[in-house]
Amino acid sequence: MTHIVVIGGGPAGYIAAIAAIQNGSQVTLVEEKYLGGTCLNVSCIPTKALLQSAEIVEKVKNALTFGIELPDGKTVINWGGEYRKEKDKSSSSSWAELVT
Amino acid sequence: MKKNKITVKKGSASFLNSHMIVVQNGSEKETIQADKFIIASGSEPVQLPFAPFDGEWVVITKGMKCHDGKIAIVTGSGRGIGKAIALRLAHDGINIVINDINEEAAQETAKEIESIRRKSMAEKADVSNREDVFSMVKQVVDHLGQLDIMISNAGRCRQLCFLPRFGGLKLYDRIICFD
């Protein structure tokens, strides 16, 4: 069995690793920082998530325009709790399990 | 190593030879031998033992953008696309020779290049004339000492009809000479 080493765990590297393993090779993937790459972990995707949060804040502020009243009228941003749990679920630590 | 499972190693990889890498994670080092390697490290360069970065033939992506002090001729750069190419290269640190058949336009672009602190000179030359081109290149090398990049941007396509009354084969020759 051919042993293939893929250096880099970004969108190029993980696709190569998956293709190699599907074709019957033994695969080792080496990644220095973020499995899934910069885009997934610290760039494109997280910024879109932040953007979505900002849009929700904006909508909640204008809730009355849509006929929804929020009695205390406060919007509190909380990056801990449920948000953190969801984020950890989709973090790169579980990535290796997802792709195999 | 499990079958049908990707083994993931955390750390930075460097090649020992064409069949072996060492993966370093903090103080831990692991040597991995393999039949094939796929380098997918994006903008983070991986040094190959048989092809060291020499800055000339093998460069890293950042090195590719290091053009400080190079000399380029951009033909037909008095205006339009040629001018845009010249300005773009000047922003990357390249000194530009502005060639155009319209000397006034060439000088104006040269002034614009100088205003962003790059060397520039205007050279009037008809690129459809071989002698003119040779003489321009000689002038550039004599004055600036070197020529690193030549961009043949100048082109002409006024009419695509080669019937005698539209210019015939003379027009065809002129277009071909230009391009």
# chains A, B, ... in the order shown; residues from 1 in each chain; ligands from 1
>>> residues_around(residues="A:Val5", least_positions_apart="4", cutoff="10 Å", atoms="only C-alpha atoms", output="PyMOL selection string")
(chain A and resi 13+16-17+20+25-30) or (chain B and resi 6-8+19-21+32-39)
>>> select_by_dssp(residues="chain A", states="alpha helix (DSSP H)", output="JSON, numbers by chain")
{"A": [11, 12, 13, 14, 15, 16, 17, 18, 19, 20, 21, 22, 37, 38, 39, 40, 41, 42, 44, 45, 46, 47, 48, 49, 50, 51, 52, 53, 54, 55, 56, 57, 58, 59, 60, 61, 81, 82, 83, 84, 85, 86, 87, 88, 89, 95, 96, 97, 98, 99]}
>>> write_last_selection(atoms="C-alpha atoms", output="PDB file, in the first residue's frame")
ATOM      1  CA  PRO A  11      -8.881  22.986   1.682  1.00  0.00           C
ATOM      2  CA  ALA A  12      -6.199  21.765  -0.751  1.00  0.00           C
ATOM      3  CA  GLY A  13      -4.576  19.387   1.735  1.00  0.00           C
ATOM      4  CA  TYR A  14      -7.673  17.744   3.196  1.00  0.00           C
ATOM      5  CA  ILE A  15      -9.236  17.201  -0.220  1.00  0.00           C
ATOM      6  CA  ALA A  16      -5.968  15.575  -1.353  1.00  0.00           C
ATOM      7  CA  ALA A  17      -5.902  13.426   1.804  1.00  0.00           C
ATOM      8  CA  ILE A  18      -9.527  12.303   1.353  1.00  0.00           C
ATOM      9  CA  ALA A  19      -8.960  11.527  -2.346  1.00  0.00           C
ATOM     10  CA  ALA A  20      -5.806   9.558  -1.507  1.00  0.00           C
ATOM     11  CA  ILE A  21      -7.502   7.470   1.165  1.00  0.00           C
ATOM     12  CA  GLN A  22     -10.505   6.807  -1.098  1.00  0.00           C
ATOM     13  CA  GLY A  37      -7.200  25.835   7.101  1.00  0.00           C
ATOM     14  CA  THR A  38      -7.196  29.552   7.685  1.00  0.00           C
ATOM     15  CA  CYS A  39     -10.531  30.065   5.899  1.00  0.00           C
ATOM     16  CA  LEU A  40     -12.461  27.639   8.076  1.00  0.00           C
ATOM     17  CA  ASN A  41     -10.872  28.550  11.399  1.00  0.00           C
ATOM     18  CA  VAL A  42      -9.891  32.197  11.537  1.00  0.00           C
ATOM     19  CA  CYS A  44     -13.888  33.524   5.926  1.00  0.00           C
ATOM     20  CA  ILE A  45     -16.206  31.306   7.954  1.00  0.00           C
ATOM     21  CA  PRO A  46     -15.816  32.889  11.435  1.00  0.00           C
ATOM     22  CA  THR A  47     -16.247  36.363   9.956  1.00  0.00           C
ATOM     23  CA  LYS A  48     -19.491  35.255   8.290  1.00  0.00           C
ATOM     24  CA  ALA A  49     -20.633  33.914  11.667  1.00  0.00           C
ATOM     25  CA  LEU A  50     -19.827  37.285  13.263  1.00  0.00           C
ATOM     26  CA  LEU A  51     -21.683  39.026  10.459  1.00  0.00           C
ATOM     27  CA  GLN A  52     -24.708  36.826  11.103  1.00  0.00           C
ATOM     28  CA  SER A  53     -24.545  37.734  14.830  1.00  0.00           C
ATOM     29  CA  ALA A  54     -24.431  41.434  13.925  1.00  0.00           C
ATOM     30  CA  GLU A  55     -27.432  41.041  11.602  1.00  0.00           C
ATOM     31  CA  ILE A  56     -29.398  39.335  14.382  1.00  0.00           C
ATOM     32  CA  VAL A  57     -28.570  42.180  16.816  1.00  0.00           C
ATOM     33  CA  GLU A  58     -29.763  44.666  14.200  1.00  0.00           C
ATOM     34  CA  LYS A  59     -32.998  42.730  13.627  1.00  0.00           C
ATOM     35  CA  VAL A  60     -33.688  42.441  17.363  1.00  0.00           C
ATOM     36  CA  LYS A  61     -33.165  46.208  17.739  1.00  0.00           C
ATOM     37  CA  GLY A  81     -22.484  29.459  27.228  1.00  0.00           C
ATOM     38  CA  GLU A  82     -24.530  27.966  24.388  1.00  0.00           C
ATOM     39  CA  TYR A  83     -22.575  29.875  21.745  1.00  0.00           C
ATOM     40  CA  ARG A  84     -19.288  28.395  22.948  1.00  0.00           C
ATOM     41  CA  LYS A  85     -20.770  24.873  23.085  1.00  0.00           C
ATOM     42  CA  GLU A  86     -21.977  25.148  19.474  1.00  0.00           C
ATOM     43  CA  LYS A  87     -18.658  26.557  18.371  1.00  0.00           C
ATOM     44  CA  ASP A  88     -16.675  23.786  20.086  1.00  0.00           C
ATOM     45  CA  LYS A  89     -18.877  21.192  18.392  1.00  0.00           C
ATOM     46  CA  TRP A  95     -12.602  17.528  12.128  1.00  0.00           C
ATOM     47  CA  ALA A  96     -10.490  14.389  11.822  1.00  0.00           C
ATOM     48  CA  GLU A  97     -13.476  12.324  13.002  1.00  0.00           C
ATOM     49  CA  LEU A  98     -15.784  13.972  10.496  1.00  0.00           C
ATOM     50  CA  VAL A  99     -13.687  13.202   7.456  1.00  0.00           C
TER      51      VAL A  99
END
>>> select_by_dssp(residues="chain B", states="strand (DSSP E or B)", output="MDAnalysis selection string")
chainID B and resid 7:10 12:17 20:25 28:33 36:39 48 51 71:75 95:100 120:124 149:151
>>> closest_residue(among="B:Ser152, B:Gln139, B:Asn95, B:Asn17", to="B:Lys119", atoms="only C-alpha atoms")
B:Asn95
>>> closest_residue(among="A:Leu70, A:Val76, A:Met1, A:Val6", to="chain B", atoms="only C-alpha atoms")
A:Val6
>>> residues_around(residues="stretch 72-88 of chain B", least_positions_apart="2", cutoff="7 Å", atoms="only C-alpha atoms", output="list in words")
Lys70, Ala90, His91, Asp92, Ile94, Asn95, Ile96, Val97, Ile98, Asn99, Asp100, Asn102, Ala105, Ala106, Thr109, Ile113, Leu147, Asp148, Ile149, Met150, Ile151, Ser152, Asn153 and Ala154 of chain B
>>> closest_residue(among="A:Lys74, A:Gly9, A:Asn23, A:Glu32", to="chain B", atoms="only C-alpha atoms")
A:Glu32
>>> closest_residue(among="B:Gln24, B:Ser135, B:Gln146, B:Gln107", to="chain A", atoms="only C-alpha atoms")
B:Gln24
>>> atom_distance(atom1="atom CA of B:Ile175", atom2="atom CA of B:Ser128")
8.2 Å
>>> atom_distance(atom1="atom CA of B:Ser115", atom2="atom CA of B:Val137")
23.9 Å
>>> residues_around(residues="B:Gly42", least_positions_apart="2", cutoff="8 Å", atoms="only C-alpha atoms", output="NGL selection string")
(:A and (8 or 10)) or (:B and (40 or 44-45))
>>> write_last_selection(atoms="N, CA and C atoms", output="mmCIF file, in the first residue's frame")
data_model
loop_
_atom_site.group_PDB
_atom_site.id
_atom_site.type_symbol
_atom_site.label_atom_id
_atom_site.label_comp_id
_atom_site.auth_asym_id
_atom_site.auth_seq_id
_atom_site.Cartn_x
_atom_site.Cartn_y
_atom_site.Cartn_z
ATOM 1 N N GLY A 8 -0.013 20.114 5.063
ATOM 2 C CA GLY A 8 -0.988 21.208 5.004
ATOM 3 C C GLY A 8 -2.398 20.660 5.097
ATOM 4 N N GLY A 10 -5.321 22.424 4.964
ATOM 5 C CA GLY A 10 -6.332 23.375 4.472
ATOM 6 C C GLY A 10 -7.189 22.745 3.392
ATOM 7 N N ALA B 40 0.681 20.939 0.259
ATOM 8 C CA ALA B 40 -0.528 21.767 0.116
ATOM 9 C C ALA B 40 -0.502 22.813 1.221
ATOM 10 N N GLU B 44 2.413 29.224 3.047
ATOM 11 C CA GLU B 44 3.539 28.882 3.930
ATOM 12 C C GLU B 44 4.494 27.987 3.145
ATOM 13 N N PRO B 45 5.678 28.471 2.811
ATOM 14 C CA PRO B 45 6.555 27.673 1.949
ATOM 15 C C PRO B 45 7.154 26.463 2.649
#
>>> decode(residues="stretch 23-37 of chain A", atoms="N, CA and C atoms", output="compact mmCIF listing (two decimals), in the first residue's frame")
# COMPACT_ATOMS: atom_id res chain seq x y z
N ASN A 23 -8.70 6.27 -2.62
CA ASN A 23 -8.05 5.46 -3.65
C ASN A 23 -7.16 4.37 -3.08
N GLY A 24 -7.30 4.13 -1.79
CA GLY A 24 -6.66 2.97 -1.18
C GLY A 24 -5.25 3.20 -0.65
N SER A 25 -4.83 4.44 -0.50
CA SER A 25 -3.50 4.69 0.06
C SER A 25 -3.57 4.84 1.57
N GLN A 26 -2.39 4.72 2.17
CA GLN A 26 -2.27 5.05 3.59
C GLN A 26 -1.95 6.54 3.63
N VAL A 27 -2.65 7.29 4.48
CA VAL A 27 -2.45 8.74 4.43
C VAL A 27 -2.11 9.31 5.80
N THR A 28 -1.07 10.14 5.81
CA THR A 28 -0.75 10.92 7.00
C THR A 28 -0.86 12.39 6.60
N LEU A 29 -1.58 13.15 7.39
CA LEU A 29 -1.72 14.58 7.10
C LEU A 29 -1.01 15.38 8.19
N VAL A 30 -0.17 16.30 7.77
CA VAL A 30 0.58 17.11 8.75
C VAL A 30 0.05 18.54 8.69
N GLU A 31 -0.36 19.05 9.84
CA GLU A 31 -0.85 20.43 9.89
C GLU A 31 -0.23 21.14 11.10
N GLU A 32 0.25 22.35 10.86
CA GLU A 32 0.94 23.07 11.92
C GLU A 32 -0.03 23.77 12.88
N LYS A 33 -1.06 24.45 12.31
CA LYS A 33 -1.93 25.26 13.19
C LYS A 33 -3.37 24.78 13.19
N TYR A 34 -4.06 25.03 12.07
CA TYR A 34 -5.51 24.82 12.05
C TYR A 34 -5.91 23.74 11.06
N LEU A 35 -6.46 22.66 11.55
CA LEU A 35 -7.03 21.68 10.63
C LEU A 35 -8.24 22.33 9.96
N GLY A 36 -8.31 22.24 8.68
CA GLY A 36 -9.40 22.89 7.96
C GLY A 36 -8.93 24.18 7.31
N GLY A 37 -7.79 24.66 7.75
CA GLY A 37 -7.20 25.84 7.10
C GLY A 37 -7.60 27.16 7.70
